[in-house]
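Novice: Okay, here's the structure, questions in a sec.
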Amino acid sequence: MEDFQSWIPTSDSKSTLSEETSFSSLESSANPKSSNFHCYIASLRTLASQISCLAVHENSLYATSVNEISVFSLTNYALIDTFSCSDSASGLVKFIAFSDRKIFTAHQDCKIRVWQMTSSNKHRLISTLPTFKDRLCRCMLAKNYVQVRRHKQKLWIEHSDIVSCLAVNNGLMYSASWDKSFKTWKISDMNCLESMKNAHSDAVNAIVVSVNGLIYTASADGHIKVWERVEKTHKLLTLLDKHTSSVNALSSEKATDLSLAGHRGAILCLFYVNNTLLSGSSDKTIRIWQEFKEGYCCLRILEGHCKPIKSIVAVSDGDLDDNLSVFSGSLDGEIRVWNITISAHVFTESLITSSDRD
């Protein structure tokens, strides 16, 4: 079994979506000392071949698949809306973040798009970052250009490679990119405030903001860096260099430097909620971890996906802190919804599929 280390800081083709809901019973995977449970299965199907990112906002689940974003109700998993960029060159949607009724999406074409949720729960594109106004104001001065490749320059406010991750905090948005940089944006006017060029020596895969405002970036160079905002700029505070290979994911909420053993492949996503850590891997499994005095212990392994797990999110079920709804998205095109009772180690599973398999 492969050891991996993670850090939890403080704080293709356009798819056509069709809905098909079926109901049957499924025996749960449960602790031998607990009773077996059965649940209904709700199934949603799409022609898209993969799920790249999941996110929960208010009472909705957002799922990015190729260049399309689908929105499901968390109440009954019904499809609420599907939206995408009209520009076919935008490529894959890599990440999604939220600020009130604004939705930010990171794209393969090096841009960030801003969407507004309407009163009817539909989504419309309102801006692309950097904005035309921001680019126009800076394009006349040579000092605003940076070398990105041999014989090629771009404005410093522009990413020169895939935007891999976004984070929102206190009126600011942070974007990380495979161009080795991260940028700071002011949400109110959508202007770029700062660019940390060469923040890492390789692609930046993840960025999170802790509750005390520290910025954590993870890179393919194997390093995690901690940044502090001082006045109008960010200064490097700490370098974490225990990893021996690419760091693909970060999760916020709790300060712990930990090493977990179990997955037989790369860790592609992490999520932390209610003292519970969830990890998704290229080995096609999800592991549920909980912290004890001796360290983190794996409570359960969730299996069923046919390809690597790309994204995990979870929400508490009402006032019961030990009940979680966990959503896992995979390159197999499926979104699985797992209902988990941590205290009793009882796991019941319902399934949302977004594949074209019968």
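Residue names in the structure tokens use chain letters A, B, ... in the order shown, residue numbers from 1 in each chain, and ligand numbers from 1 in the order shown.
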As an NGL selection string, please: the residues near Cys139 of chain A (cut-off 12 Å, only C-alpha atoms, same-chain neighbours under 2 positions excluded).
Specialist: :A and (132-137 or 141-146 or 153-158)
Novice: Using all heavy atoms, can you write the selected residues to a file as a short mmCIF file (atom, residue, chain, number, x, y, z; two decimals), in the first residue's frame?
Specialist:
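Now in part27.cif:
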data_model
loop_
_atom_site.label_atom_id
_atom_site.label_comp_id
_atom_site.auth_asym_id
_atom_site.auth_seq_id
_atom_site.Cartn_x
_atom_site.Cartn_y
_atom_site.Cartn_z
N PHE A 132 -12.15 42.85 -20.36
CA PHE A 132 -11.68 43.66 -21.49
C PHE A 132 -11.20 45.02 -21.01
O PHE A 132 -10.17 45.53 -21.47
CB PHE A 132 -12.82 43.84 -22.51
CG PHE A 132 -12.46 44.74 -23.65
CD1 PHE A 132 -11.65 44.29 -24.70
CD2 PHE A 132 -12.92 46.06 -23.69
CE1 PHE A 132 -11.30 45.14 -25.74
CE2 PHE A 132 -12.58 46.90 -24.72
CZ PHE A 132 -11.78 46.44 -25.76
N LYS A 133 -11.91 45.60 -20.06
CA LYS A 133 -11.53 46.91 -19.53
C LYS A 133 -10.17 46.85 -18.85
O LYS A 133 -9.31 47.73 -19.03
CB LYS A 133 -12.59 47.40 -18.54
CG LYS A 133 -12.28 48.75 -17.92
CD LYS A 133 -13.37 49.17 -16.95
CE LYS A 133 -13.03 50.50 -16.29
NZ LYS A 133 -14.08 50.91 -15.32
N ASP A 134 -9.95 45.80 -18.06
CA ASP A 134 -8.68 45.64 -17.36
C ASP A 134 -7.53 45.47 -18.35
O ASP A 134 -6.44 46.05 -18.20
CB ASP A 134 -8.77 44.43 -16.42
CG ASP A 134 -7.80 44.54 -15.25
OD1 ASP A 134 -7.11 45.56 -15.13
OD2 ASP A 134 -7.74 43.58 -14.45
N ARG A 135 -7.74 44.69 -19.39
CA ARG A 135 -6.71 44.47 -20.39
C ARG A 135 -6.43 45.75 -21.19
O ARG A 135 -5.27 46.06 -21.50
CB ARG A 135 -7.12 43.34 -21.33
CG ARG A 135 -7.03 41.95 -20.69
CD ARG A 135 -7.33 40.82 -21.66
NE ARG A 135 -8.77 40.71 -21.91
CZ ARG A 135 -9.35 40.91 -23.08
NH1 ARG A 135 -8.62 41.25 -24.13
NH2 ARG A 135 -10.65 40.77 -23.22
N LEU A 136 -7.50 46.49 -21.51
CA LEU A 136 -7.36 47.72 -22.28
C LEU A 136 -6.56 48.77 -21.52
O LEU A 136 -5.71 49.49 -22.09
CB LEU A 136 -8.73 48.27 -22.65
CG LEU A 136 -8.77 49.51 -23.54
CD1 LEU A 136 -8.15 49.21 -24.90
CD2 LEU A 136 -10.20 50.02 -23.70
N CYS A 137 -6.78 48.86 -20.21
CA CYS A 137 -6.09 49.86 -19.39
C CYS A 137 -4.59 49.58 -19.26
O CYS A 137 -3.81 50.50 -19.00
CB CYS A 137 -6.71 49.90 -18.00
SG CYS A 137 -8.38 50.60 -17.96
N LEU A 141 1.24 49.91 -21.92
CA LEU A 141 2.52 50.09 -21.23
C LEU A 141 3.34 48.81 -21.28
O LEU A 141 2.86 47.73 -20.91
CB LEU A 141 2.28 50.49 -19.78
CG LEU A 141 1.57 51.84 -19.57
CD1 LEU A 141 1.36 52.10 -18.09
CD2 LEU A 141 2.36 52.98 -20.21
N ALA A 142 4.59 48.92 -21.70
CA ALA A 142 5.46 47.76 -21.84
C ALA A 142 5.72 47.07 -20.50
O ALA A 142 5.92 45.85 -20.45
CB ALA A 142 6.78 48.20 -22.47
N LYS A 143 5.70 47.84 -19.41
CA LYS A 143 5.99 47.26 -18.09
C LYS A 143 4.92 46.28 -17.64
O LYS A 143 5.15 45.50 -16.69
CB LYS A 143 6.14 48.38 -17.05
CG LYS A 143 4.85 49.12 -16.75
CD LYS A 143 5.05 50.14 -15.65
CE LYS A 143 3.73 50.83 -15.28
NZ LYS A 143 3.92 51.81 -14.18
N ASN A 144 3.77 46.29 -18.28
CA ASN A 144 2.68 45.39 -17.89
C ASN A 144 2.76 44.02 -18.58
O ASN A 144 1.89 43.17 -18.37
CB ASN A 144 1.32 46.03 -18.21
CG ASN A 144 0.99 47.18 -17.29
OD1 ASN A 144 1.38 47.17 -16.12
ND2 ASN A 144 0.29 48.18 -17.81
N TYR A 145 3.79 43.82 -19.37
CA TYR A 145 3.95 42.54 -20.07
C TYR A 145 5.05 41.71 -19.41
O TYR A 145 6.05 42.25 -18.93
CB TYR A 145 4.29 42.77 -21.55
CG TYR A 145 3.13 43.31 -22.35
CD1 TYR A 145 2.85 44.67 -22.40
CD2 TYR A 145 2.29 42.45 -23.06
CE1 TYR A 145 1.78 45.17 -23.12
CE2 TYR A 145 1.23 42.93 -23.80
CZ TYR A 145 0.97 44.29 -23.83
OH TYR A 145 -0.10 44.79 -24.55
N VAL A 146 4.84 40.39 -19.42
CA VAL A 146 5.84 39.48 -18.87
C VAL A 146 6.14 38.40 -19.92
O VAL A 146 5.29 38.08 -20.76
CB VAL A 146 5.35 38.82 -17.57
CG1 VAL A 146 5.22 39.84 -16.46
CG2 VAL A 146 4.04 38.07 -17.78
N GLN A 153 5.01 37.16 -25.14
CA GLN A 153 4.70 37.92 -23.93
C GLN A 153 3.19 38.00 -23.73
O GLN A 153 2.41 37.92 -24.68
CB GLN A 153 5.27 39.33 -24.03
CG GLN A 153 6.79 39.41 -23.99
CD GLN A 153 7.27 40.85 -23.96
OE1 GLN A 153 6.65 41.75 -24.55
NE2 GLN A 153 8.39 41.09 -23.29
N LYS A 154 2.79 38.16 -22.47
CA LYS A 154 1.39 38.37 -22.14
C LYS A 154 1.31 39.41 -21.03
O LYS A 154 2.29 39.66 -20.30
CB LYS A 154 0.72 37.07 -21.67
CG LYS A 154 0.65 35.97 -22.73
CD LYS A 154 -0.30 34.86 -22.33
CE LYS A 154 -1.74 35.28 -22.55
NZ LYS A 154 -2.67 34.13 -22.43
N LEU A 155 0.15 40.02 -20.88
CA LEU A 155 -0.07 40.92 -19.75
C LEU A 155 0.05 40.13 -18.45
O LEU A 155 -0.38 38.97 -18.38
CB LEU A 155 -1.45 41.57 -19.85
CG LEU A 155 -1.65 42.59 -20.96
CD1 LEU A 155 -3.13 42.95 -21.09
CD2 LEU A 155 -0.83 43.85 -20.71
N TRP A 156 0.58 40.76 -17.41
CA TRP A 156 0.78 40.06 -16.14
C TRP A 156 -0.55 39.64 -15.50
O TRP A 156 -0.59 38.74 -14.64
CB TRP A 156 1.61 40.90 -15.18
CG TRP A 156 0.95 42.18 -14.70
CD1 TRP A 156 1.12 43.42 -15.20
CD2 TRP A 156 0.04 42.31 -13.60
NE1 TRP A 156 0.36 44.34 -14.51
CE2 TRP A 156 -0.31 43.68 -13.51
CE3 TRP A 156 -0.52 41.44 -12.68
CZ2 TRP A 156 -1.19 44.19 -12.55
CZ3 TRP A 156 -1.41 41.93 -11.71
CH2 TRP A 156 -1.72 43.30 -11.65
N ILE A 157 -1.64 40.27 -15.92
CA ILE A 157 -2.95 39.92 -15.35
C ILE A 157 -3.54 38.67 -16.01
O ILE A 157 -4.57 38.16 -15.57
CB ILE A 157 -3.95 41.09 -15.50
CG1 ILE A 157 -4.17 41.43 -16.98
CG2 ILE A 157 -3.48 42.30 -14.72
CD1 ILE A 157 -5.24 42.49 -17.21
N GLU A 158 -2.89 38.16 -17.06
CA GLU A 158 -3.38 36.99 -17.79
C GLU A 158 -2.62 35.73 -17.39
O GLU A 158 -1.39 35.76 -17.27
CB GLU A 158 -3.23 37.20 -19.30
CG GLU A 158 -4.01 38.35 -19.87
CD GLU A 158 -3.73 38.54 -21.35
OE1 GLU A 158 -2.59 38.92 -21.70
OE2 GLU A 158 -4.64 38.28 -22.16
#
Novice: Compile the contact shell of Cys165 of chain A as a list in words: residues with an atom at most 8 Å away, counting only C-alpha atoms, same-chain residues fewer than 6 positions apart removed.
Specialist: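 Once the nearby chain positions are removed, what remains is Lys94, Phe95, Ile96, Ala106, Ser175, Ala176, Ser177, Asn205, Ala206 and Ile207 of chain A.
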Novice: What separation in Å, quoted to one decimal, exists between atom CA of Ser120 of chain A and atom CA of Ile80 of chain A?
Specialist: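 Atom CA of Ser120 of chain A sits 9.7 Å away from atom CA of Ile80 of chain A.
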Novice: Would you kindly return, as an NGL selection string, each protein, DNA or RNA residue with an atom no farther than 6 Å from any atom of segment 300-311 of chain A, considering only C-alpha atoms and excluding same-chain residues fewer than 3 positions away?
Specialist: :A and (52-54 or 268-269 or 280-282 or 284-288 or 328-332)
Novice: Rank nothing, just name the residue among A:Ser252, A:Ser164, A:Asn121, A:Asn59 nearest to Lys183 of chain A, using only C-alpha atoms.
Specialist: A:Ser164
Novice: Just the residues within 12 Å of Phe98 of chain A, please, counting only C-alpha atoms, with nothing from its chain fewer than 3 positions along; format it as an mmCIF file with N, CA and C atoms, in the first residue's frame.
Specialist:
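Output below, filename around.cif:
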data_model
loop_
_atom_site.group_PDB
_atom_site.id
_atom_site.type_symbol
_atom_site.label_atom_id
_atom_site.label_comp_id
_atom_site.auth_asym_id
_atom_site.auth_seq_id
_atom_site.Cartn_x
_atom_site.Cartn_y
_atom_site.Cartn_z
ATOM 1 N N ALA A 55 -19.037 20.722 -6.508
ATOM 2 C CA ALA A 55 -19.088 21.765 -5.493
ATOM 3 C C ALA A 55 -20.526 21.922 -5.019
ATOM 4 N N VAL A 56 -20.685 22.275 -3.750
ATOM 5 C CA VAL A 56 -22.006 22.495 -3.169
ATOM 6 C C VAL A 56 -22.153 23.966 -2.837
ATOM 7 N N HIS A 57 -23.261 24.555 -3.262
ATOM 8 C CA HIS A 57 -23.564 25.954 -2.963
ATOM 9 C C HIS A 57 -25.030 26.057 -2.619
ATOM 10 N N GLU A 58 -25.291 26.610 -1.414
ATOM 11 C CA GLU A 58 -26.652 26.682 -0.908
ATOM 12 C C GLU A 58 -27.280 25.284 -0.950
ATOM 13 N N SER A 60 -27.671 23.311 -3.680
ATOM 14 C CA SER A 60 -27.450 22.753 -5.010
ATOM 15 C C SER A 60 -26.081 22.095 -5.112
ATOM 16 N N TYR A 62 -23.176 21.343 -7.842
ATOM 17 C CA TYR A 62 -22.657 21.718 -9.157
ATOM 18 C C TYR A 62 -21.649 20.661 -9.607
ATOM 19 N N PHE A 95 -12.511 23.919 -12.446
ATOM 20 C CA PHE A 95 -12.854 24.185 -11.039
ATOM 21 C C PHE A 95 -14.018 25.159 -10.983
ATOM 22 N N ARG A 101 -24.213 35.221 -5.103
ATOM 23 C CA ARG A 101 -24.903 34.659 -6.262
ATOM 24 C C ARG A 101 -24.029 34.639 -7.519
ATOM 25 N N LYS A 102 -22.740 34.888 -7.343
ATOM 26 C CA LYS A 102 -21.796 34.792 -8.450
ATOM 27 C C LYS A 102 -21.109 33.429 -8.423
ATOM 28 N N ILE A 103 -20.926 32.867 -9.603
ATOM 29 C CA ILE A 103 -20.243 31.585 -9.765
ATOM 30 C C ILE A 103 -19.024 31.809 -10.640
ATOM 31 N N PHE A 104 -17.865 31.325 -10.193
ATOM 32 C CA PHE A 104 -16.617 31.477 -10.930
ATOM 33 C C PHE A 104 -16.167 30.105 -11.421
ATOM 34 N N THR A 105 -15.817 30.014 -12.703
ATOM 35 C CA THR A 105 -15.339 28.760 -13.260
ATOM 36 C C THR A 105 -13.959 28.950 -13.867
ATOM 37 N N ALA A 106 -13.069 27.984 -13.606
ATOM 38 C CA ALA A 106 -11.712 28.000 -14.145
ATOM 39 C C ALA A 106 -11.665 27.115 -15.381
ATOM 40 N N ARG A 113 -14.289 32.501 -15.891
ATOM 41 C CA ARG A 113 -15.582 33.050 -16.297
ATOM 42 C C ARG A 113 -16.473 33.251 -15.083
ATOM 43 N N VAL A 114 -17.248 34.331 -15.145
ATOM 44 C CA VAL A 114 -18.105 34.710 -14.029
ATOM 45 C C VAL A 114 -19.556 34.605 -14.470
ATOM 46 N N TRP A 115 -20.351 33.892 -13.680
ATOM 47 C CA TRP A 115 -21.751 33.642 -13.985
ATOM 48 C C TRP A 115 -22.620 34.229 -12.886
ATOM 49 N N GLN A 116 -23.793 34.695 -13.276
ATOM 50 C CA GLN A 116 -24.765 35.242 -12.326
ATOM 51 C C GLN A 116 -25.963 34.314 -12.248
ATOM 52 N N MET A 117 -26.360 33.972 -11.020
ATOM 53 C CA MET A 117 -27.554 33.168 -10.845
ATOM 54 C C MET A 117 -28.784 34.081 -10.858
ATOM 55 N N LEU A 166 -9.485 27.595 -7.914
ATOM 56 C CA LEU A 166 -9.939 28.909 -7.443
ATOM 57 C C LEU A 166 -10.238 28.836 -5.949
ATOM 58 N N ALA A 167 -10.095 29.967 -5.283
ATOM 59 C CA ALA A 167 -10.479 30.075 -3.875
ATOM 60 C C ALA A 167 -11.014 31.473 -3.628
ATOM 61 N N VAL A 168 -12.055 31.575 -2.810
ATOM 62 C CA VAL A 168 -12.702 32.858 -2.520
ATOM 63 C C VAL A 168 -12.646 33.128 -1.030
ATOM 64 N N ASN A 169 -12.285 34.372 -0.669
ATOM 65 C CA ASN A 169 -12.216 34.727 0.741
ATOM 66 C C ASN A 169 -12.244 36.238 0.916
ATOM 67 N N ASN A 170 -13.181 36.707 1.721
ATOM 68 C CA ASN A 170 -13.198 38.103 2.172
ATOM 69 C C ASN A 170 -13.110 39.107 1.025
ATOM 70 N N GLY A 171 -13.935 38.924 -0.001
ATOM 71 C CA GLY A 171 -13.991 39.866 -1.105
ATOM 72 C C GLY A 171 -12.923 39.685 -2.156
ATOM 73 N N LEU A 172 -12.075 38.686 -1.979
ATOM 74 C CA LEU A 172 -11.010 38.410 -2.942
ATOM 75 C C LEU A 172 -11.160 37.007 -3.516
ATOM 76 N N MET A 173 -10.696 36.843 -4.749
ATOM 77 C CA MET A 173 -10.638 35.526 -5.350
ATOM 78 C C MET A 173 -9.198 35.255 -5.762
ATOM 79 N N TYR A 174 -8.773 34.015 -5.543
ATOM 80 C CA TYR A 174 -7.425 33.600 -5.904
ATOM 81 C C TYR A 174 -7.515 32.531 -6.981
ATOM 82 N N ILE A 187 -13.262 40.939 -6.174
ATOM 83 C CA ILE A 187 -14.545 40.470 -6.686
ATOM 84 C C ILE A 187 -15.475 41.618 -7.071
#
Novice: Enumerate, as a ChimeraX atom specification, the complete set of residues in segment 196-351 of chain A that a backbone-based DSSP assignment places in strand (DSSP E or B).
Specialist: /A:196,204-209,215-219,224-230,233-240,253,256-261,267-273,276-281,286-292,295-302,309-317,320-330,334-341,346-351
Novice: Using only C-alpha atoms, which of A:Ser245, A:Gln290, A:Ser251, A:Thr118 sits nearest Ile215 of chain A?
Specialist: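 Among the listed residues, the smallest separation from Ile215 of chain A belongs to A:Ser251.
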Novice: Would you give me, as a PyMOL selection string, the residues in segment 119-264 of chain A that DSSP reads as helix (DSSP H, G or I)?
Specialist: chain A and resi 132-138+142-144
Novice: I need the residues from that last selection saved to file as a short mmCIF file (atom, residue, chain, number, x, y, z; two decimals), in the first residue's frame (with N, CA and C atoms), if you can.
Specialist:
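The resulting file, part18.cif, is shown below:
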data_model
loop_
_atom_site.label_atom_id
_atom_site.label_comp_id
_atom_site.auth_asym_id
_atom_site.auth_seq_id
_atom_site.Cartn_x
_atom_site.Cartn_y
_atom_site.Cartn_z
N PHE A 132 -12.15 42.85 -20.36
CA PHE A 132 -11.68 43.66 -21.49
C PHE A 132 -11.20 45.02 -21.01
N LYS A 133 -11.91 45.60 -20.06
CA LYS A 133 -11.53 46.91 -19.53
C LYS A 133 -10.17 46.85 -18.85
N ASP A 134 -9.95 45.80 -18.06
CA ASP A 134 -8.68 45.64 -17.36
C ASP A 134 -7.53 45.47 -18.35
N ARG A 135 -7.74 44.69 -19.39
CA ARG A 135 -6.71 44.47 -20.39
C ARG A 135 -6.43 45.75 -21.19
N LEU A 136 -7.50 46.49 -21.51
CA LEU A 136 -7.36 47.72 -22.28
C LEU A 136 -6.56 48.77 -21.52
N CYS A 137 -6.78 48.86 -20.21
CA CYS A 137 -6.09 49.86 -19.39
C CYS A 137 -4.59 49.58 -19.26
N ARG A 138 -4.20 48.34 -19.45
CA ARG A 138 -2.81 47.98 -19.20
C ARG A 138 -2.00 47.68 -20.47
N ALA A 142 4.59 48.92 -21.70
CA ALA A 142 5.46 47.76 -21.84
C ALA A 142 5.72 47.07 -20.50
N LYS A 143 5.70 47.84 -19.41
CA LYS A 143 5.99 47.26 -18.09
C LYS A 143 4.92 46.28 -17.64
N ASN A 144 3.77 46.29 -18.28
CA ASN A 144 2.68 45.39 -17.89
C ASN A 144 2.76 44.02 -18.58
#
Novice: So which one's closest to Val209 of chain A, A:Trp185, A:Phe83, A:Trp227, A:Phe292? Using only C-alpha atoms, please.
Specialist: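 Ranking A:Trp185, A:Phe83, A:Trp227, A:Phe292 by distance to Val209 of chain A, first place goes to A:Trp227.
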Novice: Restricting the calculation to only C-alpha atoms: of A:Asn67, A:Cys298, A:Ser86, A:Val226, which residue gets closest to Ala261 of chain A?
Specialist: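 So, comparing all the options, the nearest one is A:Cys298.
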